Amino acid sequence: MKNYFIASGAILDTGMSAEEIKMAVQENLDESTGGLVQFRVQELSESGIIMVFIRDFLIDPYEPVIFDCDMNLILNIGIEAFLPKEVGGYPLVFPLNFAGKNFYTDMTAFIRFYKTLLLMYRKQEVEYIGIRCYSDRIVMKIEF
């Protein structure tokens, strides 16, 4: 049985090999970031995946938030989708808060949005999604 997930704008499934997933996602990331972000599949099974986006961004890993640029990396939806209307965005995630030069939201709001996208695109239900943002990477675990 194939389970679907989204990574850097690509709708992928667990029936693919880790190398196929990496190539598809890395191609999108190279196009959108100029090669500044690397992607790896840490673990892949029919019932789950652990994805790692390697990038450089200062963040406290103990804060349960995700920044606009990280949401953009994971979904490859225009950054304006993660900005408030007052600054020219069309927010798809709520609430959005401001920190320095970036906007952020709490992890549960982003996870709720991610699950909604999966339901809309592939009628895929997800049992668990966990995201952890570190200063050098984003680790995302999905269990179906």
# chains A, B, ... in the order shown; residues from 1 in each chain; ligands from 1
$ select_by_dssp --residues "stretch 9-144 of chain A" --states "alpha helix (DSSP H)" --output "MDAnalysis selection string"
chainID A and resid 18:33 68:75 107:122
$ select_by_dssp --residues "stretch 14-86 of chain A" --states "strand (DSSP E or B)" --output "list of chain:residue names"
A:Gln38, A:Phe39, A:Arg40, A:Val41, A:Gln42, A:Glu43, A:Leu44, A:Ser45, A:Gly48, A:Ile49, A:Ile50, A:Met51, A:Val52, A:Phe53, A:Ile54, A:Val65, A:Ile66, A:Phe67
$ atom_distance --atom1 "atom CA of A:Arg132" --atom2 "atom CA of A:Pro61"
7.0 Å
$ closest_residue --among "A:Ile66, A:Met71, A:Ile138, A:Lys115" --to "A:Gln42" --atoms "only C-alpha atoms"
A:Ile138
$ residues_around --residues "A:Gly130" --least-positions-apart "6" --cutoff "8 Å" --atoms "only C-alpha atoms" --output "count of residues only"
4
$ residues_around --residues "A:Phe113" --least-positions-apart "4" --cutoff "12 Å" --atoms "only C-alpha atoms" --output "list in words"
Ile6, Met71, Ile74, Leu75, Ala81, Phe82, Pro91, Leu92, Val93, Phe94, Pro95, Thr105, Asp106, Met107, Thr108, Ala109, Leu117, Leu118, Leu119, Met120 and Ile129 of chain A
$ residues_around --residues "A:Ala18" --least-positions-apart "4" --cutoff "7 Å" --atoms "only C-alpha atoms" --output "ChimeraX atom specification"
/A:22,41,44
$ residues_around --residues "A:Phe67" --least-positions-apart "5" --cutoff "8 Å" --atoms "only C-alpha atoms" --output "PyMOL selection string"
chain A and resi 102-105
$ write_last_selection --atoms "C-alpha atoms" --output "mmCIF file, in the first residue's frame"
data_model
loop_
_atom_site.group_PDB
_atom_site.id
_atom_site.type_symbol
_atom_site.label_atom_id
_atom_site.label_comp_id
_atom_site.auth_asym_id
_atom_site.auth_seq_id
_atom_site.Cartn_x
_atom_site.Cartn_y
_atom_site.Cartn_z
ATOM 1 C CA ASN A 102 10.893 36.260 9.863
ATOM 2 C CA PHE A 103 7.374 35.189 10.652
ATOM 3 C CA TYR A 104 6.620 31.966 12.497
ATOM 4 C CA THR A 105 3.788 29.848 13.778
#
